[in-house]
Amino acid sequence: MISFSSAKDPLEEIIAGFQRYISEQPQEKVYLHTDRQTYAAGETIWLKAYLTAGPFHIPSSLSSTVYVELIGSEGELIQQQKLFTPDGFASGQLELSDSLPSGNYLLRAYTNWMRNSGEEYFFHRPLKIWNSQVIPEPFTTPETELATGKVDIQFFPEGGNLVQGILSKVAFKAIGENGLGKAVKGKILEGDAVITEFESNSLGMGVFPLLPEKGKTYQVHLEGYKMDLDLPAALESGLVMSVNNSGKSEDIVVKIQSSENSQISKISLLAQTRGLVCASSRADLANRVVFVRIPKKAFPTGIAQITALDENGIPLAERLVFIDHQDQLSLSAVPDKSNYAPREPVRIDITAKDKTGQPVVANFSLSVFDKSQVPFDEDHETIQSNLLLSSELQGQIEKPGYYFNPENPDREVALDYLLLTQGWRKFSLKKALSGELPKPAYRIEKGLTISGQLTDPKTNKPIASSTASFLSLFPVSESRTTSSDAEGKFEFEDLIYFDSAEVMIQGKLKNGKSTATVSADHTRRTPTLRYPILPFFSTPTVLEREFLIKSMERKNISRAFDFDEDLIALEVVEVTGTKIIDQYTGPRIYGGGSAKITVADNPALENLQHPLDLVKGRVAGVQVWGSGDIWSILIQGVSSINSSVEPLIMVDDIPVPIEGLSSIPVLEIESVSVWKGPDAAIFGSRGANGVLGFYTKRGKAQSSTPNQSDHPPVPSGYQIEKEFYSPKYEAKEPPQPRPDQRVTLFWAPDVQTDSTGRATVLFYNHDLESVLRGELEGISWKGEVGVLRFQIGGKIER
């Protein structure tokens with residue numbers, strides 16, 4: 001038995017290569033926590049981004065921009081948002097269009113710096129989005145039986161190769177036509193003789209022993225399939241590495257065995273985790289077998305790569321194992337009551353402690369949802385499974401949370417099967433041995449980039465050595481200047497702006513007096529998608545169909561209560577006549593209101609999709625959420641005079657239902673006025689919930705769009721985070737008739753524990769008598785991860 005030593009040895013060149021990699025090209029990782037796993041078209045995906053850097057998963061101070069994308073089933077980019085992450089954290093939302101078809105989608109996140117490592121290093125999360133306009137019947141058979149009888153199975157000898165005359169462990173993985181693991185069983189044959197039998201777990205993975213003999217070949221026979229496969233051929237000479245990683249032992253025991261005809265007399269062993277070389281040693285193979293004991297305490301929690309190398313540093317065998325020190329954060333979330341009445345306030349006290357029981361300052365996100373209304377997978381990905389497992393392995397990991405869920409008794413064995421069948425994808429020993437790191441093609445972004453070109457307004461030719469100026473008014477005032485190159489091109493890097501309407505770019509000719517024509521580049525340079533999107537089965541499961549039915553019920557409730565009962569919906573009427581132009585610049589009757597937004601001559605506003613987009617995030621005390629034809633508005637200071645909470649909506653001083661706004665192009669709107677509080681008294685009882693007035697360009701021809709060449713619209717800035725709408729029900733107020741059937745009751749993306757490790761959140765229950773599921777995820781400033789699932793209001797059925 002040989003013990004490992006952490007002292008330096010002849011592997012210094014490789015170890016130095018890993019150290020350079022960590023210091024010069026630290027690896028960033030992005031994880032997204034979403035409020036739930038399944039969505040319907042027209043809903044909002046609420047999300048929190050966690051950006052870490054380095055082997056200890058410290059919140060990243062490198063990149064300040066995280067790109068979040070929703071990708072369709074054909075690989076098309078549906079939506080992209082940019083989140084500002086100066087301290088490693090950001091939150092935002094993706095509003096799903098009502099017109100999205102049912103299908104499998106992909107949520108992807110990355111930084112510009114991560115592109116140097118390739119798209120496989122990005123965050124990926126498959127999402128299933130359903131459109132509830134048509135609700136099909138559910139499956140009558142389990143989804144696992146949908147495959148047509150074909151299966152793909154691969155075999156992976158432990159350490160890398162089979163060698164004649166040495167007993168080896170062979171792992172296998174079977175995948176069905178739906179791209180997911182498929183349970184199989186079968187036999188290993190040598191001619192007609194049965195050598196051994198095997199059977200996979202529910203995820204299609206397993207192992208079996210094999211002692212390959214010289215001159216013999218081995219076939220695989222799968223039960224229920226008309227297919228026979230050959231096992232990988234065994235080498236005539238070489239070595240086999242097997243690993244014992246018992247959870248009851250403080251050490252990893254590595255066995256290295258070489259064949260009789262092998263010329264390998266000495267080997268080197270290297271063990272590393274996330275680029276940190278934790279142990280190294282040399283071993284003598286004169287007796288053709290050697291045992292090496294590696295202390296687990298030398299490794300941080302996560303995947304350890306153990307490699308055997310020859311005297312020239314060339315890898316001969318490799319094995320991945322998972323080291324678990326159980327050092328994740330200890331979290332608790334305690335409701336102030338065991339059960340809650342409809343619309344009753346809910347208080348949850350949160351505490352966070354480290355492994356030793358000391359309080360921890362950490363940043364968390366919390367989702368509370370109605371488990372009865374949405375399909376839920378107990379084994380879905382969490383920040384723990386992502387940072388410690390999924391981000392380290394090649395390919396898609398099915399049910400990554402399975403390996404960290406203590407409810408699964410075989411999780412440690414299943415995790416070992418996974419590591420035997422899915423390869424490590426990080427910095428390779430070959431790169432470390434070469435001593436050279438590839439020069440990064442993508443830089444670390446501390447902000448956004450605006451590029452464009454300056455041209456002469458008379459000749460329309462590019463202007464070299466002219467001045468481009470940048471001015472931003474939000475969130476802080478900032479101005480910059482730069483010069484154009486020989487082709488008239490300019491670029492501003494690391495800009496911080498959110499609202500494009502508050503940004504202006506201007507160009508000046510060389511004389512500094514005349515204005516140049518400015519064109520900004522709006523091209524989206526998104527990385528190529530290589531992550532597979534699994535086939536979509538258009539027939540839902542029973543749980544998914546129930547989700548669709550309840551989703552439609554929620555939409556019908558919104559439509560019923562969003563429509564003003566005093567108005568009558570008329571059939572479409574076509575009116576013809578001569579247009580009368582009367583310079584109309586705003587409200588004639590009710591004054592200017594509490595706030596006014598001028599839309600005309602503001603390209604950033606005129607290019608928005610819906611009239612209500614003009615109000616989002618721009619007027620204090622006004623909350624707007626929705627998409628497509630379903631929208632909701634809440635103006636601070638709601639009265640109880642009438643049963644509705646929706647404000648009065650007007651177009652050119654004429655009341656209209658909220659649905660009527662969809663037919664008005666934003667480009668035709670001159671301005672928007674908002675009346676709230678005492679300012680709305682002029683409308684009487686109609687204005688009790690506030691008033692929103694849209695005024696069109698009745699005095700301007702449609703074609704008279706302003707010249708935008710001097711101040712062109714700039715690319716969209718960082719997303720302005722919306723506040724998750726959570727109603728407040730006061731006991732003194734009469735009950736509101738609108739049914740409250742929210743599926744996500746509460747989303748808090750920024751729960752910060754204090755120096756005592758405590759935090760408290762408050763929200764209100766909905767109307768339904770159901771079990772609520774809470775999911776709390778986060779990370780400390782030292783990189784310690786924490787995940788907690790809890791329930792409110794009863795026992796969760798598993």
# chains A, B, ... in the order shown; residues from 1 in each chain; ligands from 1

$ residues_around --residues "Val194 (chain A)" --least-positions-apart "3" --cutoff "12 Å" --atoms "only C-alpha atoms" --output "list in words"
Gly186, Lys187, Ile188, Leu189, Glu190, Gly191, Glu197, Phe198, Leu210, Tyr218, Gln219, Val220 and His221 of chain A

$ residues_around --residues "Leu448 (chain A)" --least-positions-apart "6" --cutoff "9 Å" --atoms "only C-alpha atoms" --output "list in words"
Ser64, Thr65, Lys82, Phe492, Glu493, Asp494, Leu495, Ile496, Tyr497, Gly717 and Tyr718 of chain A

$ select_by_dssp --residues "region 52-260 of chain A" --states "strand (DSSP E)" --output "PyMOL selection string"
chain A and resi 52-53+58-59+65-71+77-84+89-95+103-110+123-130+151-157+168-176+185-190+193-199+205-210+219-222+228-230+239-244+251-258

$ closest_atom_pairs --of "region 651-687 of chain A" --to "region 606-619 of chain A" --cutoff "12 Å" --atoms "only C-alpha atoms" --output "JSON lines"
{"residue": "A:Val651", "atom": "CA", "partner": "A:Pro611", "partner_atom": "CA", "distance": 10.6}
{"residue": "A:Ile658", "atom": "CA", "partner": "A:Leu612", "partner_atom": "CA", "distance": 9.4}
{"residue": "A:Glu659", "atom": "CA", "partner": "A:Leu612", "partner_atom": "CA", "distance": 10.8}
{"residue": "A:Gly660", "atom": "CA", "partner": "A:Pro611", "partner_atom": "CA", "distance": 10.3}
{"residue": "A:Leu661", "atom": "CA", "partner": "A:Pro611", "partner_atom": "CA", "distance": 6.5}
{"residue": "A:Ser662", "atom": "CA", "partner": "A:His610", "partner_atom": "CA", "distance": 6.5}
{"residue": "A:Ser663", "atom": "CA", "partner": "A:His610", "partner_atom": "CA", "distance": 9.0}
{"residue": "A:Ile664", "atom": "CA", "partner": "A:Pro611", "partner_atom": "CA", "distance": 7.2}
{"residue": "A:Pro665", "atom": "CA", "partner": "A:His610", "partner_atom": "CA", "distance": 7.2}
{"residue": "A:Val666", "atom": "CA", "partner": "A:Pro611", "partner_atom": "CA", "distance": 5.5}
{"residue": "A:Leu667", "atom": "CA", "partner": "A:Glu606", "partner_atom": "CA", "distance": 5.0}
{"residue": "A:Glu668", "atom": "CA", "partner": "A:Glu606", "partner_atom": "CA", "distance": 8.2}
{"residue": "A:Ile669", "atom": "CA", "partner": "A:Glu606", "partner_atom": "CA", "distance": 8.0}
{"residue": "A:Glu670", "atom": "CA", "partner": "A:Glu606", "partner_atom": "CA", "distance": 9.3}
{"residue": "A:Ser671", "atom": "CA", "partner": "A:Leu614", "partner_atom": "CA", "distance": 9.3}
{"residue": "A:Val672", "atom": "CA", "partner": "A:Leu614", "partner_atom": "CA", "distance": 7.8}
{"residue": "A:Ser673", "atom": "CA", "partner": "A:Val615", "partner_atom": "CA", "distance": 9.3}
{"residue": "A:Val674", "atom": "CA", "partner": "A:Val619", "partner_atom": "CA", "distance": 8.2}
{"residue": "A:Trp675", "atom": "CA", "partner": "A:Val619", "partner_atom": "CA", "distance": 10.6}
{"residue": "A:Lys676", "atom": "CA", "partner": "A:Val619", "partner_atom": "CA", "distance": 10.6}

$ closest_residue --among "A:Pro212, A:Arg293, A:Ser280, A:Ile444" --to "Ser259 (chain A)" --atoms "only C-alpha atoms"
A:Pro212

$ atom_distance --atom1 "CA of Lys446 (chain A)" --atom2 "CA of Ser63 (chain A)"
5.5 Å

$ closest_atom_pairs --of "region 315-339 of chain A" --to "region 748-768 of chain A" --cutoff "10 Å" --atoms "only C-alpha atoms" --output "JSON lines"
{"residue": "A:Leu331", "atom": "CA", "partner": "A:Gly757", "partner_atom": "CA", "distance": 9.5}
{"residue": "A:Ser332", "atom": "CA", "partner": "A:Arg758", "partner_atom": "CA", "distance": 9.6}
{"residue": "A:Ala333", "atom": "CA", "partner": "A:Thr760", "partner_atom": "CA", "distance": 9.0}
{"residue": "A:Val334", "atom": "CA", "partner": "A:Thr760", "partner_atom": "CA", "distance": 9.6}
{"residue": "A:Pro335", "atom": "CA", "partner": "A:Val761", "partner_atom": "CA", "distance": 9.6}

$ write_last_selection --atoms "N, CA, C and O atoms" --output "PDB file, in the first residue's frame"
ATOM      1  N   LEU A 331     -30.054  24.897   6.040  1.00  0.00           N
ATOM      2  CA  LEU A 331     -31.100  25.915   5.926  1.00  0.00           C
ATOM      3  C   LEU A 331     -32.376  25.454   6.624  1.00  0.00           C
ATOM      4  O   LEU A 331     -32.679  24.256   6.673  1.00  0.00           O
ATOM      5  N   SER A 332     -33.122  26.420   7.128  1.00  0.00           N
ATOM      6  CA  SER A 332     -34.459  26.139   7.657  1.00  0.00           C
ATOM      7  C   SER A 332     -35.384  27.266   7.246  1.00  0.00           C
ATOM      8  O   SER A 332     -34.970  28.431   7.141  1.00  0.00           O
ATOM      9  N   ALA A 333     -36.635  26.921   6.993  1.00  0.00           N
ATOM     10  CA  ALA A 333     -37.670  27.900   6.655  1.00  0.00           C
ATOM     11  C   ALA A 333     -38.923  27.512   7.439  1.00  0.00           C
ATOM     12  O   ALA A 333     -39.544  26.486   7.147  1.00  0.00           O
ATOM     13  N   VAL A 334     -39.251  28.306   8.432  1.00  0.00           N
ATOM     14  CA  VAL A 334     -40.314  27.946   9.378  1.00  0.00           C
ATOM     15  C   VAL A 334     -41.486  28.912   9.216  1.00  0.00           C
ATOM     16  O   VAL A 334     -41.353  30.106   9.514  1.00  0.00           O
ATOM     17  N   PRO A 335     -42.653  28.426   8.739  1.00  0.00           N
ATOM     18  CA  PRO A 335     -43.849  29.274   8.686  1.00  0.00           C
ATOM     19  C   PRO A 335     -44.349  29.577  10.096  1.00  0.00           C
ATOM     20  O   PRO A 335     -44.129  28.797  11.038  1.00  0.00           O
TER      21      PRO A 335
END

$ closest_residue --among "A:Val785, A:Ala41, A:Ile682, A:Ala468" --to "Pro101 (chain A)" --atoms "only C-alpha atoms"
A:Ala41

$ closest_residue --among "A:Lys150, A:Arg115, A:Lys266, A:Lys337" --to "Asp349 (chain A)" --atoms "only C-alpha atoms"
A:Lys337

$ atom_distance --atom1 "CA of Thr449 (chain A)" --atom2 "CA of Phe123 (chain A)"
22.4 Å

$ closest_residue --among "A:Pro315, A:Gly88, A:Gly512, A:Gly592" --to "Phe694 (chain A)" --atoms "only C-alpha atoms"
A:Gly592

$ closest_residue --among "A:Glu311, A:Asp370, A:Asp485, A:Glu769" --to "Arg343 (chain A)" --atoms "only C-alpha atoms"
A:Glu769

$ closest_residue --among "A:Val622, A:Leu534, A:Leu454, A:Glu412" --to "Gly176 (chain A)" --atoms "only C-alpha atoms"
A:Leu534

$ select_by_dssp --residues "region 34-212 of chain A" --states "helix (DSSP H, G or I)" --output "list in words"
Trp113, Met114, Arg115, Asn116, Glu119, Glu120, Tyr121, Glu143, Thr144 and Glu145 of chain A

$ write_last_selection --atoms "all heavy atoms" --output "compact mmCIF listing (two decimals), in the first residue's frame"
# COMPACT_ATOMS: atom_id res chain seq x y z
N TRP A 113 -17.19 35.93 -21.40
CA TRP A 113 -15.95 35.25 -21.02
C TRP A 113 -16.11 33.73 -21.13
O TRP A 113 -15.17 33.03 -21.51
CB TRP A 113 -15.58 35.66 -19.60
CG TRP A 113 -14.34 35.00 -19.04
CD1 TRP A 113 -14.29 34.08 -18.03
CD2 TRP A 113 -12.99 35.23 -19.44
NE1 TRP A 113 -12.99 33.71 -17.77
CE2 TRP A 113 -12.17 34.40 -18.63
CE3 TRP A 113 -12.38 36.03 -20.40
CZ2 TRP A 113 -10.79 34.37 -18.75
CZ3 TRP A 113 -10.99 36.00 -20.52
CH2 TRP A 113 -10.22 35.18 -19.71
N MET A 114 -17.26 33.22 -20.83
CA MET A 114 -17.50 31.77 -20.89
C MET A 114 -17.43 31.24 -22.32
O MET A 114 -17.22 30.05 -22.54
CB MET A 114 -18.86 31.43 -20.28
CG MET A 114 -18.93 31.62 -18.77
SD MET A 114 -20.62 31.47 -18.11
CE MET A 114 -20.96 29.76 -18.48
N ARG A 115 -17.58 32.11 -23.30
CA ARG A 115 -17.55 31.67 -24.69
C ARG A 115 -16.16 31.16 -25.09
O ARG A 115 -16.04 30.42 -26.07
CB ARG A 115 -17.97 32.81 -25.61
CG ARG A 115 -19.41 33.26 -25.39
CD ARG A 115 -19.80 34.42 -26.30
NE ARG A 115 -19.87 34.01 -27.70
CZ ARG A 115 -20.27 34.79 -28.68
NH1 ARG A 115 -20.65 36.04 -28.41
NH2 ARG A 115 -20.30 34.36 -29.91
N ASN A 116 -15.12 31.53 -24.34
CA ASN A 116 -13.79 31.02 -24.64
C ASN A 116 -13.69 29.51 -24.43
O ASN A 116 -12.87 28.84 -25.06
CB ASN A 116 -12.75 31.73 -23.76
CG ASN A 116 -12.60 33.20 -24.09
OD1 ASN A 116 -12.28 33.56 -25.21
ND2 ASN A 116 -12.87 34.05 -23.12
N GLU A 119 -19.61 26.48 -26.08
CA GLU A 119 -21.02 26.50 -25.72
C GLU A 119 -21.39 25.42 -24.72
O GLU A 119 -22.35 25.55 -23.96
CB GLU A 119 -21.87 26.36 -26.99
CG GLU A 119 -23.32 26.80 -26.83
CD GLU A 119 -24.26 25.64 -26.66
OE1 GLU A 119 -23.82 24.49 -26.81
OE2 GLU A 119 -25.44 25.88 -26.37
N GLU A 120 -20.62 24.33 -24.68
CA GLU A 120 -20.95 23.24 -23.76
C GLU A 120 -20.77 23.65 -22.30
O GLU A 120 -21.24 22.95 -21.39
CB GLU A 120 -20.09 22.00 -24.06
CG GLU A 120 -18.61 22.19 -23.90
CD GLU A 120 -17.91 22.65 -25.17
OE1 GLU A 120 -18.60 23.20 -26.06
OE2 GLU A 120 -16.68 22.47 -25.26
N TYR A 121 -20.10 24.76 -22.05
CA TYR A 121 -19.90 25.23 -20.68
C TYR A 121 -21.05 26.13 -20.21
O TYR A 121 -21.08 26.53 -19.05
CB TYR A 121 -18.58 25.98 -20.57
CG TYR A 121 -17.37 25.10 -20.65
CD1 TYR A 121 -16.86 24.70 -21.89
CD2 TYR A 121 -16.73 24.63 -19.51
CE1 TYR A 121 -15.75 23.88 -21.98
CE2 TYR A 121 -15.63 23.81 -19.58
CZ TYR A 121 -15.13 23.44 -20.83
OH TYR A 121 -14.03 22.61 -20.92
N GLU A 143 -44.85 7.56 -20.31
CA GLU A 143 -44.02 8.17 -21.35
C GLU A 143 -42.86 7.27 -21.75
O GLU A 143 -42.43 7.28 -22.90
CB GLU A 143 -43.48 9.52 -20.85
CG GLU A 143 -42.73 10.29 -21.90
CD GLU A 143 -42.38 11.68 -21.44
OE1 GLU A 143 -42.87 12.09 -20.39
OE2 GLU A 143 -41.60 12.35 -22.14
N THR A 144 -42.37 6.43 -20.82
CA THR A 144 -41.23 5.58 -21.13
C THR A 144 -41.58 4.51 -22.14
O THR A 144 -40.69 3.88 -22.71
CB THR A 144 -40.71 4.90 -19.85
OG1 THR A 144 -41.80 4.23 -19.19
CG2 THR A 144 -40.11 5.92 -18.90
N GLU A 145 -42.89 4.30 -22.41
CA GLU A 145 -43.29 3.28 -23.36
C GLU A 145 -43.56 3.85 -24.75
O GLU A 145 -44.06 3.16 -25.62
CB GLU A 145 -44.53 2.55 -22.85
CG GLU A 145 -44.28 1.80 -21.55
CD GLU A 145 -45.52 1.08 -21.04
OE1 GLU A 145 -46.48 0.98 -21.83
OE2 GLU A 145 -45.53 0.64 -19.89

$ residues_around --residues "region 416-426 of chain A" --least-positions-apart "2" --cutoff "8 Å" --atoms "only C-alpha atoms" --output "JSON list (two decimals) with N, CA and C atoms, in the first residue's frame"
[["chain", "number", "residue", "atom", "x", "y", "z"],
["A", 155, "PHE", "N", -20.89, 1.31, -23.97],
["A", 155, "PHE", "CA", -20.17, 0.62, -22.91],
["A", 155, "PHE", "C", -18.87, 1.37, -22.60],
["A", 156, "PHE", "N", -18.54, 1.44, -21.29],
["A", 156, "PHE", "CA", -17.41, 2.24, -20.84],
["A", 156, "PHE", "C", -16.60, 1.44, -19.82],
["A", 158, "GLU", "N", -14.06, 0.70, -16.98],
["A", 158, "GLU", "CA", -13.53, 1.57, -15.94],
["A", 158, "GLU", "C", -12.06, 1.88, -16.22],
["A", 171, "ALA", "N", -19.10, -0.27, -17.33],
["A", 171, "ALA", "CA", -20.33, 0.50, -17.15],
["A", 171, "ALA", "C", -21.04, 0.63, -18.49],
["A", 172, "PHE", "N", -22.35, 0.83, -18.45],
["A", 172, "PHE", "CA", -23.12, 1.00, -19.69],
["A", 172, "PHE", "C", -24.22, 2.02, -19.46],
["A", 173, "LYS", "N", -24.67, 2.60, -20.58],
["A", 173, "LYS", "CA", -25.76, 3.57, -20.54],
["A", 173, "LYS", "C", -26.64, 3.36, -21.75],
["A", 205, "MET", "N", -28.61, 3.12, -16.59],
["A", 205, "MET", "CA", -27.18, 2.92, -16.33],
["A", 205, "MET", "C", -26.96, 1.76, -15.39],
["A", 206, "GLY", "N", -25.78, 1.11, -15.51],
["A", 206, "GLY", "CA", -25.42, 0.01, -14.65],
["A", 206, "GLY", "C", -23.99, -0.44, -14.92],
["A", 207, "VAL", "N", -23.56, -1.51, -14.23],
["A", 207, "VAL", "CA", -22.22, -2.06, -14.42],
["A", 207, "VAL", "C", -22.29, -3.58, -14.37],
["A", 274, "ARG", "N", -11.71, 20.57, -10.16],
["A", 274, "ARG", "CA", -11.96, 21.90, -10.73],
["A", 274, "ARG", "C", -10.67, 22.69, -10.93],
["A", 305, "GLN", "N", -10.96, 14.10, -10.44],
["A", 305, "GLN", "CA", -10.43, 13.37, -11.59],
["A", 305, "GLN", "C", -9.11, 12.74, -11.18],
["A", 319, "ARG", "N", -10.29, 8.08, -14.08],
["A", 319, "ARG", "CA", -11.52, 7.73, -13.34],
["A", 319, "ARG", "C", -12.04, 8.96, -12.63],
["A", 320, "LEU", "N", -13.34, 9.16, -12.67],
["A", 320, "LEU", "CA", -13.99, 10.25, -11.96],
["A", 320, "LEU", "C", -14.70, 9.69, -10.73],
["A", 321, "VAL", "N", -14.57, 10.38, -9.61],
["A", 321, "VAL", "CA", -15.28, 10.01, -8.39],
["A", 321, "VAL", "C", -15.85, 11.28, -7.78],
["A", 322, "PHE", "N", -16.87, 11.10, -6.93],
["A", 322, "PHE", "CA", -17.48, 12.27, -6.28],
["A", 322, "PHE", "C", -17.13, 12.26, -4.80],
["A", 392, "GLU", "N", -19.73, 20.14, -14.68],
["A", 392, "GLU", "CA", -18.43, 19.49, -14.79],
["A", 392, "GLU", "C", -18.41, 18.35, -15.79],
["A", 393, "LEU", "N", -19.57, 17.91, -16.27],
["A", 393, "LEU", "CA", -19.63, 16.72, -17.11],
["A", 393, "LEU", "C", -20.09, 17.05, -18.52],
["A", 394, "GLN", "N", -19.76, 16.17, -19.43],
["A", 394, "GLN", "CA", -20.20, 16.32, -20.82],
["A", 394, "GLN", "C", -21.64, 15.86, -20.96],
["A", 395, "GLY", "N", -22.35, 16.51, -21.89],
["A", 395, "GLY", "CA", -23.69, 16.06, -22.25],
["A", 395, "GLY", "C", -24.74, 16.43, -21.23],
["A", 412, "GLU", "N", -25.96, 7.29, -4.26],
["A", 412, "GLU", "CA", -24.50, 7.24, -4.33],
["A", 412, "GLU", "C", -24.04, 6.24, -5.38],
["A", 413, "VAL", "N", -24.72, 5.10, -5.44],
["A", 413, "VAL", "CA", -24.38, 4.10, -6.46],
["A", 413, "VAL", "C", -24.71, 4.64, -7.85],
["A", 414, "ALA", "N", -25.89, 5.27, -7.97],
["A", 414, "ALA", "CA", -26.29, 5.84, -9.27],
["A", 414, "ALA", "C", -25.33, 6.93, -9.71],
["A", 428, "SER", "N", -7.79, 20.04, -19.78],
["A", 428, "SER", "CA", -7.22, 18.71, -19.93],
["A", 428, "SER", "C", -5.75, 18.68, -19.48]]

$ residues_around --residues "Glu236 (chain A)" --least-positions-apart "2" --cutoff "8 Å" --atoms "only C-alpha atoms" --output "PyMOL selection string"
chain A and resi 163-164+214+234+238
